[in-house]
Amino acid sequence: MSNNVNNHTDQPSSSSSGPFDLLLFDLDGTLYDHACGYEDHIHANIFKFMVEAKGGKFDAIHSIEQAQQVWTPIFAKYNLTKRGLMGEGYEFDGTAYDTFIRKGAAQFIQQPDPELRSFLQSLPQRKIIFTNAPETSAHEILQLLGVADQFEAVLGSDFMGNDVCKPERAAFDKVLEFLQPPVVVPPHRICYFEDSFKNLLAGKELGMATVFVTSATLHKEGRTQEDLAQFDAVVERKVGASLRESMPRLWN
Ligand SMILES: [Mg+2]
């Protein structure tokens, strides 16, 4: 060997403990079906917040339509509305914003998901949530789904410090750094589950195995089925047992 550069991507592991040490899960649209309406509700609340907030630059926004027009380029630039508004000089309380936009989860996630629970229980690896949502909301949703005890940690917007978010490399670096002690977890020993194309691509570029969850987000991002062929597996609506066929090595 002339150097220490390894191309881990797509190399089957010879380890007796299976190909993956850790499973990294997005939350919204990945653990539960986007079709339940909660993410649309969050989106509507973002525009409502922008209309209802008072002072400074918010005073120029009088309607939902205006809010949407202001929001589109901000989201494109920052990937996270809260950070984008702050970055563009809108002044507001971040915690009050989180509470406002993500309120009412129980109306949409009305009962625990035993299928999701048995899927997670069947996988022996460490499991971590990696979401751009605030931790308080993530914990609430995991409780509603009945799977909170299945995860070792929830890494959300508080963890990332509200100055980075997926799909930025810095957000992934923070997660990888968090995982390292006491054992080293290289990216190729991680399987990452996501319904955002650009987030998942960022994980793939780091060498993670990738599972794409199809949802309305796919169409919003203008992606086609062909674009998805680069991922290790694709699953419909939310993660679940169908992966036994499309990605059996998760259970090796
Ligand atoms: Mg998502």
# chains A, B, ... in the order shown; residues from 1 in each chain; ligands from 1

$ residues_near_ligand --ligand "ligand 1" --cutoff "8 Å" --atoms "only C-alpha atoms and all ligand atoms" --output "ChimeraX atom specification"
/A:26-30,131,194-196

$ residues_around --residues "Phe108 of chain A" --least-positions-apart "4" --cutoff "8 Å" --atoms "only C-alpha atoms" --output "VMD selection string"
chain A and resid 36 to 38 104

$ closest_residue --among "A:Lys57, A:Thr136, A:Lys204, A:Tyr32" --to "Arg189 of chain A" --atoms "only C-alpha atoms"
A:Lys204

$ atom_distance --atom1 "atom CA of Lys127 of chain A" --atom2 "atom CA of Glu152 of chain A"
5.9 Å

$ closest_residue --among "A:Phe172, A:Phe197, A:Phe49, A:Tyr192" --to "Arg102 of chain A" --atoms "only C-alpha atoms"
A:Phe49

$ select_by_dssp --residues "segment 36-225 of chain A" --states "strand (DSSP E)" --output "list in words"
Arg126, Lys127, Ile128, Ile129, Phe130, Ala153, Val154, Leu155, Ile190, Cys191, Tyr192, Phe193, Glu194, Ala209, Thr210, Val211, Phe212, Val213 and Thr214 of chain A

$ write_last_selection --atoms "N, CA, C and O atoms" --output "short mmCIF file (atom, residue, chain, number, x, y, z; two decimals), in the first residue's frame"
data_model
loop_
_atom_site.label_atom_id
_atom_site.label_comp_id
_atom_site.auth_asym_id
_atom_site.auth_seq_id
_atom_site.Cartn_x
_atom_site.Cartn_y
_atom_site.Cartn_z
N ARG A 126 -26.59 0.48 16.46
CA ARG A 126 -26.88 1.74 17.15
C ARG A 126 -27.74 2.59 16.22
O ARG A 126 -27.53 2.58 15.00
N LYS A 127 -28.67 3.36 16.80
CA LYS A 127 -29.56 4.18 15.98
C LYS A 127 -29.59 5.62 16.51
O LYS A 127 -29.75 5.83 17.71
N ILE A 128 -29.44 6.55 15.59
CA ILE A 128 -29.41 7.96 15.96
C ILE A 128 -30.30 8.76 15.01
O ILE A 128 -30.36 8.47 13.81
N ILE A 129 -31.01 9.75 15.56
CA ILE A 129 -31.81 10.67 14.75
C ILE A 129 -30.95 11.87 14.39
O ILE A 129 -30.30 12.46 15.25
N PHE A 130 -30.98 12.24 13.12
CA PHE A 130 -30.25 13.41 12.61
C PHE A 130 -31.26 14.26 11.83
O PHE A 130 -31.67 13.88 10.74
N ALA A 153 -29.63 8.70 20.53
CA ALA A 153 -29.52 10.17 20.62
C ALA A 153 -30.35 10.82 19.54
O ALA A 153 -30.63 10.21 18.49
N VAL A 154 -30.76 12.05 19.82
CA VAL A 154 -31.44 12.89 18.82
C VAL A 154 -30.56 14.10 18.58
O VAL A 154 -30.32 14.90 19.49
N LEU A 155 -30.04 14.21 17.36
CA LEU A 155 -29.17 15.33 17.00
C LEU A 155 -29.97 16.26 16.08
O LEU A 155 -30.23 15.94 14.93
N ILE A 190 -21.80 3.40 8.26
CA ILE A 190 -23.07 4.05 8.62
C ILE A 190 -24.06 3.87 7.48
O ILE A 190 -23.71 4.05 6.31
N CYS A 191 -25.29 3.53 7.80
CA CYS A 191 -26.37 3.57 6.80
C CYS A 191 -27.30 4.72 7.17
O CYS A 191 -27.76 4.83 8.31
N TYR A 192 -27.57 5.57 6.19
CA TYR A 192 -28.30 6.82 6.40
C TYR A 192 -29.63 6.77 5.65
O TYR A 192 -29.66 6.44 4.46
N PHE A 193 -30.72 7.10 6.35
CA PHE A 193 -32.09 7.04 5.80
C PHE A 193 -32.64 8.46 5.73
O PHE A 193 -32.70 9.15 6.75
N GLU A 194 -33.11 8.88 4.57
CA GLU A 194 -33.52 10.28 4.35
C GLU A 194 -34.59 10.39 3.27
O GLU A 194 -34.59 9.62 2.32
N ALA A 209 -23.60 4.46 3.32
CA ALA A 209 -24.63 3.76 2.57
C ALA A 209 -25.91 4.58 2.70
O ALA A 209 -26.13 5.24 3.72
N THR A 210 -26.74 4.55 1.65
CA THR A 210 -27.87 5.48 1.63
C THR A 210 -29.18 4.81 1.26
O THR A 210 -29.23 4.03 0.31
N VAL A 211 -30.22 5.14 1.99
CA VAL A 211 -31.58 4.66 1.70
C VAL A 211 -32.47 5.89 1.52
O VAL A 211 -32.60 6.71 2.43
N PHE A 212 -33.08 5.99 0.34
CA PHE A 212 -33.94 7.13 0.05
C PHE A 212 -35.40 6.78 0.31
O PHE A 212 -35.88 5.73 -0.12
N VAL A 213 -36.09 7.66 1.02
CA VAL A 213 -37.51 7.48 1.30
C VAL A 213 -38.28 8.39 0.34
O VAL A 213 -38.11 9.62 0.39
N THR A 214 -39.08 7.80 -0.54
CA THR A 214 -39.79 8.62 -1.53
C THR A 214 -40.98 9.32 -0.87
O THR A 214 -41.65 8.77 -0.01
#

$ closest_residue --among "A:Ala35, A:Tyr97, A:Trp251, A:Leu22" --to "Gln180 of chain A" --atoms "only C-alpha atoms"
A:Leu22

$ residues_around --residues "Arg169 of chain A" --least-positions-apart "2" --cutoff "12 Å" --atoms "only C-alpha atoms" --output "PyMOL selection string"
chain A and resi 160+164-167+171-176+198-206

$ write_last_selection --atoms "N, CA, C and O atoms" --output "PDB file, in the first residue's frame"
ATOM      1  N   MET A 160     -26.786  21.232  16.404  1.00  0.00           N
ATOM      2  CA  MET A 160     -26.007  21.839  15.311  1.00  0.00           C
ATOM      3  C   MET A 160     -25.757  23.328  15.558  1.00  0.00           C
ATOM      4  O   MET A 160     -25.036  23.963  14.807  1.00  0.00           O
ATOM      5  N   VAL A 164     -25.442  25.784  11.417  1.00  0.00           N
ATOM      6  CA  VAL A 164     -25.280  24.861  10.288  1.00  0.00           C
ATOM      7  C   VAL A 164     -26.489  23.938  10.252  1.00  0.00           C
ATOM      8  O   VAL A 164     -27.202  23.800  11.250  1.00  0.00           O
ATOM      9  N   CYS A 165     -26.747  23.325   9.118  1.00  0.00           N
ATOM     10  CA  CYS A 165     -27.803  22.316   9.020  1.00  0.00           C
ATOM     11  C   CYS A 165     -27.505  21.413   7.843  1.00  0.00           C
ATOM     12  O   CYS A 165     -26.645  21.719   7.013  1.00  0.00           O
ATOM     13  N   LYS A 166     -28.224  20.285   7.790  1.00  0.00           N
ATOM     14  CA  LYS A 166     -28.144  19.439   6.601  1.00  0.00           C
ATOM     15  C   LYS A 166     -28.556  20.283   5.393  1.00  0.00           C
ATOM     16  O   LYS A 166     -29.477  21.078   5.539  1.00  0.00           O
ATOM     17  N   PRO A 167     -28.010  20.146   4.224  1.00  0.00           N
ATOM     18  CA  PRO A 167     -27.018  19.147   3.824  1.00  0.00           C
ATOM     19  C   PRO A 167     -25.569  19.625   3.911  1.00  0.00           C
ATOM     20  O   PRO A 167     -24.699  19.050   3.260  1.00  0.00           O
ATOM     21  N   ALA A 171     -22.450  20.100   9.162  1.00  0.00           N
ATOM     22  CA  ALA A 171     -23.454  19.415   9.983  1.00  0.00           C
ATOM     23  C   ALA A 171     -23.103  17.931  10.100  1.00  0.00           C
ATOM     24  O   ALA A 171     -23.177  17.346  11.186  1.00  0.00           O
ATOM     25  N   PHE A 172     -22.712  17.323   8.989  1.00  0.00           N
ATOM     26  CA  PHE A 172     -22.309  15.910   9.004  1.00  0.00           C
ATOM     27  C   PHE A 172     -21.042  15.716   9.837  1.00  0.00           C
ATOM     28  O   PHE A 172     -20.910  14.734  10.575  1.00  0.00           O
ATOM     29  N   ASP A 173     -20.110  16.671   9.717  1.00  0.00           N
ATOM     30  CA  ASP A 173     -18.870  16.579  10.494  1.00  0.00           C
ATOM     31  C   ASP A 173     -19.171  16.591  11.992  1.00  0.00           C
ATOM     32  O   ASP A 173     -18.559  15.854  12.759  1.00  0.00           O
ATOM     33  N   LYS A 174     -20.143  17.416  12.391  1.00  0.00           N
ATOM     34  CA  LYS A 174     -20.517  17.468  13.817  1.00  0.00           C
ATOM     35  C   LYS A 174     -21.067  16.127  14.277  1.00  0.00           C
ATOM     36  O   LYS A 174     -20.788  15.677  15.385  1.00  0.00           O
ATOM     37  N   VAL A 175     -21.881  15.510  13.432  1.00  0.00           N
ATOM     38  CA  VAL A 175     -22.452  14.206  13.781  1.00  0.00           C
ATOM     39  C   VAL A 175     -21.350  13.156  13.884  1.00  0.00           C
ATOM     40  O   VAL A 175     -21.297  12.393  14.857  1.00  0.00           O
ATOM     41  N   LEU A 176     -20.463  13.133  12.903  1.00  0.00           N
ATOM     42  CA  LEU A 176     -19.377  12.136  12.907  1.00  0.00           C
ATOM     43  C   LEU A 176     -18.487  12.323  14.138  1.00  0.00           C
ATOM     44  O   LEU A 176     -18.067  11.347  14.760  1.00  0.00           O
ATOM     45  N   LYS A 198     -31.103  16.070  -1.491  1.00  0.00           N
ATOM     46  CA  LYS A 198     -29.792  16.731  -1.338  1.00  0.00           C
ATOM     47  C   LYS A 198     -29.118  16.366  -0.020  1.00  0.00           C
ATOM     48  O   LYS A 198     -27.893  16.261   0.036  1.00  0.00           O
ATOM     49  N   ASN A 199     -29.915  16.111   1.016  1.00  0.00           N
ATOM     50  CA  ASN A 199     -29.309  15.666   2.276  1.00  0.00           C
ATOM     51  C   ASN A 199     -28.667  14.291   2.110  1.00  0.00           C
ATOM     52  O   ASN A 199     -27.558  14.047   2.579  1.00  0.00           O
ATOM     53  N   LEU A 200     -29.413  13.398   1.440  1.00  0.00           N
ATOM     54  CA  LEU A 200     -28.917  12.030   1.292  1.00  0.00           C
ATOM     55  C   LEU A 200     -27.661  12.011   0.419  1.00  0.00           C
ATOM     56  O   LEU A 200     -26.709  11.277   0.690  1.00  0.00           O
ATOM     57  N   LEU A 201     -27.667  12.837  -0.620  1.00  0.00           N
ATOM     58  CA  LEU A 201     -26.504  12.927  -1.503  1.00  0.00           C
ATOM     59  C   LEU A 201     -25.266  13.369  -0.709  1.00  0.00           C
ATOM     60  O   LEU A 201     -24.163  12.854  -0.926  1.00  0.00           O
ATOM     61  N   ALA A 202     -25.455  14.288   0.209  1.00  0.00           N
ATOM     62  CA  ALA A 202     -24.332  14.755   1.040  1.00  0.00           C
ATOM     63  C   ALA A 202     -23.765  13.590   1.860  1.00  0.00           C
ATOM     64  O   ALA A 202     -22.549  13.459   2.008  1.00  0.00           O
ATOM     65  N   GLY A 203     -24.650  12.736   2.383  1.00  0.00           N
ATOM     66  CA  GLY A 203     -24.203  11.555   3.128  1.00  0.00           C
ATOM     67  C   GLY A 203     -23.474  10.569   2.236  1.00  0.00           C
ATOM     68  O   GLY A 203     -22.451   9.996   2.617  1.00  0.00           O
ATOM     69  N   LYS A 204     -24.004  10.387   1.035  1.00  0.00           N
ATOM     70  CA  LYS A 204     -23.362   9.472   0.074  1.00  0.00           C
ATOM     71  C   LYS A 204     -21.959   9.951  -0.279  1.00  0.00           C
ATOM     72  O   LYS A 204     -21.021   9.161  -0.360  1.00  0.00           O
ATOM     73  N   GLU A 205     -21.833  11.261  -0.469  1.00  0.00           N
ATOM     74  CA  GLU A 205     -20.522  11.815  -0.835  1.00  0.00           C
ATOM     75  C   GLU A 205     -19.485  11.609   0.275  1.00  0.00           C
ATOM     76  O   GLU A 205     -18.289  11.578   0.007  1.00  0.00           O
ATOM     77  N   LEU A 206     -19.969  11.454   1.503  1.00  0.00           N
ATOM     78  CA  LEU A 206     -19.048  11.164   2.616  1.00  0.00           C
ATOM     79  C   LEU A 206     -18.708   9.673   2.701  1.00  0.00           C
ATOM     80  O   LEU A 206     -17.857   9.275   3.482  1.00  0.00           O
TER      81      LEU A 206
END

$ residues_around --residues "Ser242 of chain A" --least-positions-apart "6" --cutoff "12 Å" --atoms "only C-alpha atoms" --output "VMD selection string"
chain A and resid 115 to 116 119 211 213 233 to 236 248 250

$ write_last_selection --atoms "N, CA, C and O atoms" --output "compact mmCIF listing (two decimals), in the first residue's frame"
# COMPACT_ATOMS: atom_id res chain seq x y z
N GLU A 115 -45.53 -1.12 13.47
CA GLU A 115 -44.71 -1.65 12.36
C GLU A 115 -43.32 -1.01 12.38
O GLU A 115 -42.31 -1.68 12.21
N LEU A 116 -43.33 0.32 12.57
CA LEU A 116 -42.06 1.03 12.64
C LEU A 116 -41.25 0.52 13.82
O LEU A 116 -40.04 0.29 13.71
N PHE A 119 -39.75 -2.85 13.08
CA PHE A 119 -38.66 -2.67 12.12
C PHE A 119 -37.38 -2.22 12.84
O PHE A 119 -36.31 -2.80 12.66
N VAL A 211 -30.22 5.14 1.99
CA VAL A 211 -31.58 4.66 1.70
C VAL A 211 -32.47 5.89 1.52
O VAL A 211 -32.60 6.71 2.43
N VAL A 213 -36.09 7.66 1.02
CA VAL A 213 -37.51 7.48 1.30
C VAL A 213 -38.28 8.39 0.34
O VAL A 213 -38.11 9.62 0.39
N ALA A 233 -30.70 1.87 -1.71
CA ALA A 233 -32.07 1.36 -1.72
C ALA A 233 -33.05 2.53 -1.71
O ALA A 233 -32.70 3.64 -1.30
N VAL A 234 -34.25 2.24 -2.19
CA VAL A 234 -35.33 3.24 -2.17
C VAL A 234 -36.53 2.58 -1.50
O VAL A 234 -36.83 1.41 -1.77
N VAL A 235 -37.16 3.30 -0.59
CA VAL A 235 -38.32 2.75 0.11
C VAL A 235 -39.45 3.76 0.01
O VAL A 235 -39.22 4.97 -0.03
N GLU A 236 -40.68 3.26 -0.07
CA GLU A 236 -41.85 4.12 -0.25
C GLU A 236 -42.36 4.66 1.07
O GLU A 236 -42.52 3.89 2.03
N PRO A 248 -31.01 -6.37 2.21
CA PRO A 248 -30.92 -7.41 3.25
C PRO A 248 -29.67 -7.28 4.13
O PRO A 248 -29.68 -7.75 5.27
N LEU A 250 -28.66 -5.01 5.80
CA LEU A 250 -28.93 -4.31 7.05
C LEU A 250 -29.06 -5.29 8.21
O LEU A 250 -28.81 -4.97 9.36

$ closest_residue --among "A:Leu243, A:Ala44, A:Leu120, A:Ala60" --to "Leu31 of chain A" --atoms "only C-alpha atoms"
A:Leu120

$ closest_atom_pairs --of "segment 3-72 of chain A" --to "segment 77-96 of chain A" --cutoff "12 Å" --atoms "only C-alpha atoms" --output "Markdown table"
| residue | atom | partner | partner_atom | distance |
| --- | --- | --- | --- | --- |
| A:Ile42 | CA | A:Thr81 | CA | 11.2 |
| A:His43 | CA | A:Thr81 | CA | 9.8 |
| A:Asn45 | CA | A:Thr81 | CA | 11.6 |
| A:Ile46 | CA | A:Thr81 | CA | 8.0 |
| A:Phe47 | CA | A:Thr81 | CA | 10.1 |
| A:Phe49 | CA | A:Ala96 | CA | 9.9 |
| A:Met50 | CA | A:Leu85 | CA | 9.3 |
| A:Glu52 | CA | A:Phe92 | CA | 11.3 |
| A:Ala53 | CA | A:Phe92 | CA | 7.7 |
| A:Lys54 | CA | A:Phe92 | CA | 8.6 |
| A:Gly55 | CA | A:Glu91 | CA | 7.6 |
| A:Gly56 | CA | A:Tyr90 | CA | 6.8 |
| A:Lys57 | CA | A:Tyr90 | CA | 5.7 |
| A:Phe58 | CA | A:Tyr90 | CA | 6.7 |
| A:Asp59 | CA | A:Tyr90 | CA | 10.0 |
| A:Ala60 | CA | A:Tyr90 | CA | 11.0 |
| A:Ile61 | CA | A:Tyr90 | CA | 11.3 |
| A:Ala67 | CA | A:Leu85 | CA | 11.3 |
| A:Gln68 | CA | A:Thr81 | CA | 11.2 |
| A:Val70 | CA | A:Leu85 | CA | 9.5 |
| A:Trp71 | CA | A:Thr81 | CA | 7.4 |
| A:Thr72 | CA | A:Lys77 | CA | 8.8 |
